[in-house]
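Notes follow once the structure below has been shown.
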Amino acid sequence: MTAATTRVTALLPKRSVDQAGAIPFADFAFGNFADLVALSRDLDRTGDWVVRTPFGLFVHGYSQARSILRDPNWISVLAGVSMLDGMENPSVDVSALMALAQRSAPGDDSDGTPVSRTARPNVLSLEGDDHRRLRRLFGPAFTPAAADRLRPFMAQHAAALIEPLVAAGGGEVVGELCSPYPVPVICRLLGVTDDDWETFGRWAETIFGLFDGNAEAVMAKLGDIAAAQAELAAYVIDLLDRRRQAPADDLLSELIAISGDGDRLSADELIGMVEALLLAGTDTTRNQLGATLAVLADRPEQYAALREDPSQIPQFVEESLRYIGAVRIAARIAIRDVVVDGLAFPAGTTIMVGLHAASLSGGCPAHAGTNADSAHAPHNGITDTHDATLDERTPNAQALDPYEFDPLAPRDQPHLGFGSGAHHCLGAFLARAELQEALRTFVERVESFELSEPVEWKPLSMGIWGPARMRLVVHPPGSASQGSNRNRFKAGTLPPERLPASHAASAEHDRYLASVAPLRQAIRAEVPELIARPKFPPLGRLTITAARIGWAVYAGRLLDRRLDASERRVRTYRRLRRAAVKLGPAYIKLAQLIAAGEGVFPDALVFECRRCLDRVPADPWPAIRKILEAELGPLEQRFSDIRSEVTAAASIAQVHEGTLTDGSLVMVKVQRPRIRRRVKRDLAVLAWLAPKLVGRIPIAALANPPALVELFAETISEELDFRVEVANLFEVERALHTTAPGRWQVPEPHLDAVTERVIVMSRVQGRPLSDLQPGDLAEGEAEAIFRQMLDALLEGACLSGVFHGDFHAGNVFVDTAAVGGGPPTVGLVDFGITGRLEGARRIAFLRYVVGLITGDLRAQIDGMSDLGAFGPGSRPERVIADLQLDRSGFDPLELTEEEFTAEFRALISGLLANGARIPKELMLFVKNFAYLNSVIGELEPDMEVLAQFERIASSFFARNGVRMAAEIGFSPAPESVNQDTIRQAMGISPKERRVTWRLIRRRREELTARVGGSN
């Protein structure tokens, strides 16, 4: 092997972030700073430098974080959104991103909370040449000398705030010192008069509402935020005019005069700079100052040492920025395929760089020097950005604990509190000066202090963080109480005395997912063979199938001829359900799909098929016990008791209750005997019949029978291996953590008792959701359950790419006995059917859902086409025309019988002409949605449906707008969702002013009756 070959091989990625189990999972469910420190230390010890969290990929290794921040192949999310919103074509073209840095941005670079507005260009929202130009022009105004000129004012202003605290013997330091401190400094820098400080402070406080961790709170503030931005812009424009006429000794006058090579800053750029300065230079400083004082409140001996030697103040400030930095993360997007330390990140990947976590670790020892070849040459369009020089360690690293606050410890590697690379904070010198002067003034005037109550911290979100409320007692000089450590309140900045339990369970799940990935691929590869149409029908099984179905359909002509038409249908459906049970798993699965098709299939048929969800006749206990012992060994070695009576029975398996030898109560899911052979035989029959049914009956035409058989094969094949089901459970559970944390239950499998045919798992508490009556829930709880489950569907399908695919009576439980009287918890079981959208398919589904919610018809069709809903020759324009989808205000119930029949036949013809089929994931999503509509409609029939959809969709956009813009090329804003677009998506006429579940049920019944007439 040549040296060149060795070099290329070294650059090839060893794994990709898209591979199942390749990235460890970490649940960031911490409650305070001590938990955060413990988690960061625990992550560092695992040797993994990137983890998957409920909020996305999180890079916490120091060298990798710094390398990514300094690599031009990773751009800021804010800049990425600006570029994408500037595109005319809403499809993402990452190769064009660098050339399209423009003016529109829906969010912020710190925590990603979006707002729909036109953002003026600033150093946060631009990349490449435009970014370098602004930094070159702004740079001279943000030098150390420029910051030093303001130090006297900073000290004077800080003293004016601190002296009342000293005189009063203490106070609430966040509201009386930290919050009012930065804005006047920014105002003095800009040349704003003292009389306008209060106005600037009000604008700043309002605009900071963008960064509220509660998406719904952000939506409620959007109007006020837009007004504050407009007022600020008008003020700055006026101030610019005055400074052009009469320059002063301030930043604006200096910036107006700045030019380089004949280049000058435009008015828009100056206003954008003021907005960015107000946002980036105010909230960060007030939170960092509060966090620094909290750290010193927990360490009175270090505060006393600082008073003895105030020259250490710069070191204390730097250590505070490292140890408890207010800016937690920086979000980045890969603009091309990138490899970091052997891990491939595809173009378009969004990550969160943990500025604070990486600063704490100072590097990840397990990954030091793993890439011996530090060259950065791209290979096949993939660039490796690892910088081996960043892996160097301090000489005395063994003696230092980076998770302790130690201002005097040597730090050879700079912290990342101000970022790194092209987006290193332009105002870092100003921020350092502000913090140093405020701390210096505090130390000079306060001999000692302590907390008078515990600190109230802001939620540990991914954005800017610090104390929300902190009351201090300021001791007079010589006070004896300053040494009373025994009764001191703690600020919560001390590292924990004992680390919490490690992430061993998560690591075990990661290994399990990685081990199952090849198995899942092998199962998928078998599907084409299972559904290949045989040359000759399997006559024996076909004869039995035809006989049972034929009897169910035609026996009524003899047995039920004296009954009315409605009762004859009910009895026919009952015989069909019994025939499905006798025919076996594939037909039971068909019945289960029909059971979730309320509104598509007749209600009486749906009612009968629901009996196939968990009340299928069970196999005898001796046969089940034989399987258990074959899979697990002698039962008495594992169980102290296992009940022979069945708890639930469905198409593939049945469930028994048991007790392990350690006393744990468990559920034992066992596959039915000889299930594989029966499924394979039934699939052969269905594969032979399906092509003959195309276009024969309307329901089959809508479903595309061969595609439906393929869907059956994919679903049942994975269900037949319980190891895959457990992997599904782990992935869905992780996706659920992104919505309503603490309000979900899923079973915990005992992995040593999971095999191809058996799962032993913990029990899920509660009652089936479908069994609840309206009186069982408190006011608003049905709405809360609906929002929680639909949120999980949206987040899972559109962002996590995995969701529970089989909501029904036997799989969804609600526990109303919540601890502390909180909202009910929702439990999910049976993860055999799981919606899985990977790579481009997830992006397509996201585009479809966003188009559906916002009324963007082209986005809907594009998304469905990319999912495979239409044939290869179809074009979006033709689909829209053939299906007449572009009619506004169309309501099928307003048509006459003849018009409805003609419309229905035209719909069927258009679907067939475009090769329509229902993609598996879309079918599962719609099936789940139909179940939710049905059950919540029974619990609260008069719920205002449009208001609930508007709330759910707006919150979804508010939480994820920036990521959507990065992935699909446009950024839907919360206010782009309204009841008119939702009404149009649901096909409900504007004449129906109040849309409730009761109305929807009535409309569905009318449509079903009309479809029956059209048939």
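By order in the structure tokens, chains are A, B, ...; within a chain, residues start at 1; ligands start at 1, following the order shown.
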| message | Can you pull out the residues contacting Arg672 (chain A)? Cut-off 7 Å, using only C-alpha atoms, and skip same-chain residues under 4 positions away; I want them as a PyMOL selection string. | response | chain A and resi 619+652-653
Output file for the selection above: N, CA, C and O atoms, as a compact mmCIF listing (two decimals), in the first residue's frame:
```txt
# COMPACT_ATOMS: atom_id res chain seq x y z
N ASP A 619 -53.47 -18.54 21.92
CA ASP A 619 -52.98 -19.90 21.78
C ASP A 619 -52.90 -20.55 23.15
O ASP A 619 -52.72 -19.85 24.17
N ILE A 652 -49.84 -11.18 16.16
CA ILE A 652 -48.52 -11.78 16.14
C ILE A 652 -48.19 -12.47 17.46
O ILE A 652 -47.48 -13.49 17.48
N ALA A 653 -48.66 -11.92 18.55
CA ALA A 653 -48.21 -12.38 19.86
C ALA A 653 -49.32 -12.27 20.89
O ALA A 653 -50.40 -11.72 20.63
```
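The smallest atom-to-atom distance between Leu296 (chain A) and any of A:Asp238, A:Leu278, A:Val443, A:Gly362, using only C-alpha atoms, is found for A:Val443.
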| 6 Å contact set for region 764-773 of chain A, only C-alpha atoms, chain neighbours under 2 positions out, as a PyMOL selection string | chain A and resi 747+775-776+809+812-815+935
Mind dumping the selected residues with N, CA, C and O atoms as an mmCIF file, in the first residue's frame?
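Listing of part.cif after writing:
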```cif
data_model
loop_
_atom_site.group_PDB
_atom_site.id
_atom_site.type_symbol
_atom_site.label_atom_id
_atom_site.label_comp_id
_atom_site.auth_asym_id
_atom_site.auth_seq_id
_atom_site.Cartn_x
_atom_site.Cartn_y
_atom_site.Cartn_z
ATOM 1 N N PRO A 747 -42.500 0.804 28.442
ATOM 2 C CA PRO A 747 -41.928 -0.320 29.201
ATOM 3 C C PRO A 747 -40.417 -0.352 29.092
ATOM 4 O O PRO A 747 -39.838 0.063 28.090
ATOM 5 N N GLY A 775 -66.123 11.965 32.165
ATOM 6 C CA GLY A 775 -66.029 12.307 33.575
ATOM 7 C C GLY A 775 -64.753 11.846 34.252
ATOM 8 O O GLY A 775 -64.477 12.238 35.392
ATOM 9 N N ASP A 776 -63.951 11.017 33.535
ATOM 10 C CA ASP A 776 -62.717 10.503 34.141
ATOM 11 C C ASP A 776 -61.578 11.521 34.112
ATOM 12 O O ASP A 776 -60.564 11.332 34.788
ATOM 13 N N ALA A 809 -56.513 1.042 20.904
ATOM 14 C CA ALA A 809 -57.005 0.871 22.279
ATOM 15 C C ALA A 809 -56.067 0.050 23.149
ATOM 16 O O ALA A 809 -55.951 0.309 24.353
ATOM 17 N N VAL A 812 -52.306 2.394 23.876
ATOM 18 C CA VAL A 812 -52.216 3.733 24.455
ATOM 19 C C VAL A 812 -52.925 3.745 25.801
ATOM 20 O O VAL A 812 -54.116 3.433 25.883
ATOM 21 N N PHE A 813 -52.179 4.110 26.840
ATOM 22 C CA PHE A 813 -52.716 4.121 28.198
ATOM 23 C C PHE A 813 -52.576 5.516 28.800
ATOM 24 O O PHE A 813 -51.666 6.266 28.449
ATOM 25 N N VAL A 814 -53.475 5.844 29.717
ATOM 26 C CA VAL A 814 -53.428 7.124 30.414
ATOM 27 C C VAL A 814 -53.500 6.865 31.906
ATOM 28 O O VAL A 814 -54.382 6.150 32.383
ATOM 29 N N ASP A 815 -52.525 7.422 32.618
ATOM 30 C CA ASP A 815 -52.486 7.308 34.075
ATOM 31 C C ASP A 815 -52.866 8.664 34.655
ATOM 32 O O ASP A 815 -52.098 9.627 34.572
ATOM 33 N N VAL A 935 -60.906 9.145 19.449
ATOM 34 C CA VAL A 935 -61.005 8.961 20.892
ATOM 35 C C VAL A 935 -61.162 10.293 21.618
ATOM 36 O O VAL A 935 -61.928 10.414 22.582
#
```
| Which neighbours of Leu43 (chain A) fall inside 9 Å, counting only C-alpha atoms, when residues of the same chain fewer than 4 positions from it are skipped, and could you give them as a list of chain:residue names? | A:Ala26, A:Ala38, A:Leu39, A:Gly47, A:Asp48, A:Trp49, A:Val50, A:Val51, A:His60, A:Ser502, A:His503
Take the residues from that selection and put them in a file with N, CA and C atoms, as a CSV table (one decimal), in the first residue's frame.
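Result saved to result21.csv:
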```
chain,number,residue,atom,x,y,z
A,26,ALA,N,-27.7,11.0,25.3
A,26,ALA,CA,-27.7,11.6,26.7
A,26,ALA,C,-29.0,12.4,26.9
A,38,ALA,N,-22.1,17.6,36.7
A,38,ALA,CA,-21.9,16.1,36.8
A,38,ALA,C,-22.1,15.4,35.5
A,39,LEU,N,-23.1,15.9,34.7
A,39,LEU,CA,-23.3,15.3,33.4
A,39,LEU,C,-22.2,15.5,32.4
A,47,GLY,N,-15.5,9.2,26.9
A,47,GLY,CA,-14.6,9.2,25.8
A,47,GLY,C,-15.3,9.6,24.5
A,48,ASP,N,-16.6,9.8,24.6
A,48,ASP,CA,-17.4,10.3,23.4
A,48,ASP,C,-17.5,11.8,23.4
A,49,TRP,N,-17.2,12.4,22.2
A,49,TRP,CA,-17.1,13.8,22.1
A,49,TRP,C,-18.4,14.4,21.5
A,50,VAL,N,-19.3,13.6,21.1
A,50,VAL,CA,-20.6,14.1,20.5
A,50,VAL,C,-21.6,13.1,21.0
A,51,VAL,N,-22.8,13.6,21.4
A,51,VAL,CA,-23.9,12.8,21.8
A,51,VAL,C,-25.2,13.3,21.2
A,60,HIS,N,-19.5,18.1,22.7
A,60,HIS,CA,-19.0,18.6,24.0
A,60,HIS,C,-17.5,18.4,24.2
A,502,SER,N,-24.1,6.7,36.4
A,502,SER,CA,-23.5,6.9,35.1
A,502,SER,C,-24.6,6.6,34.0
A,503,HIS,N,-24.2,6.9,32.8
A,503,HIS,CA,-25.1,6.7,31.6
A,503,HIS,C,-24.9,5.3,31.1
```
| How many Å lie between CA of Ala228 (chain A) and CA of Thr206 (chain A), rounded to one decimal? | 6.7 Å
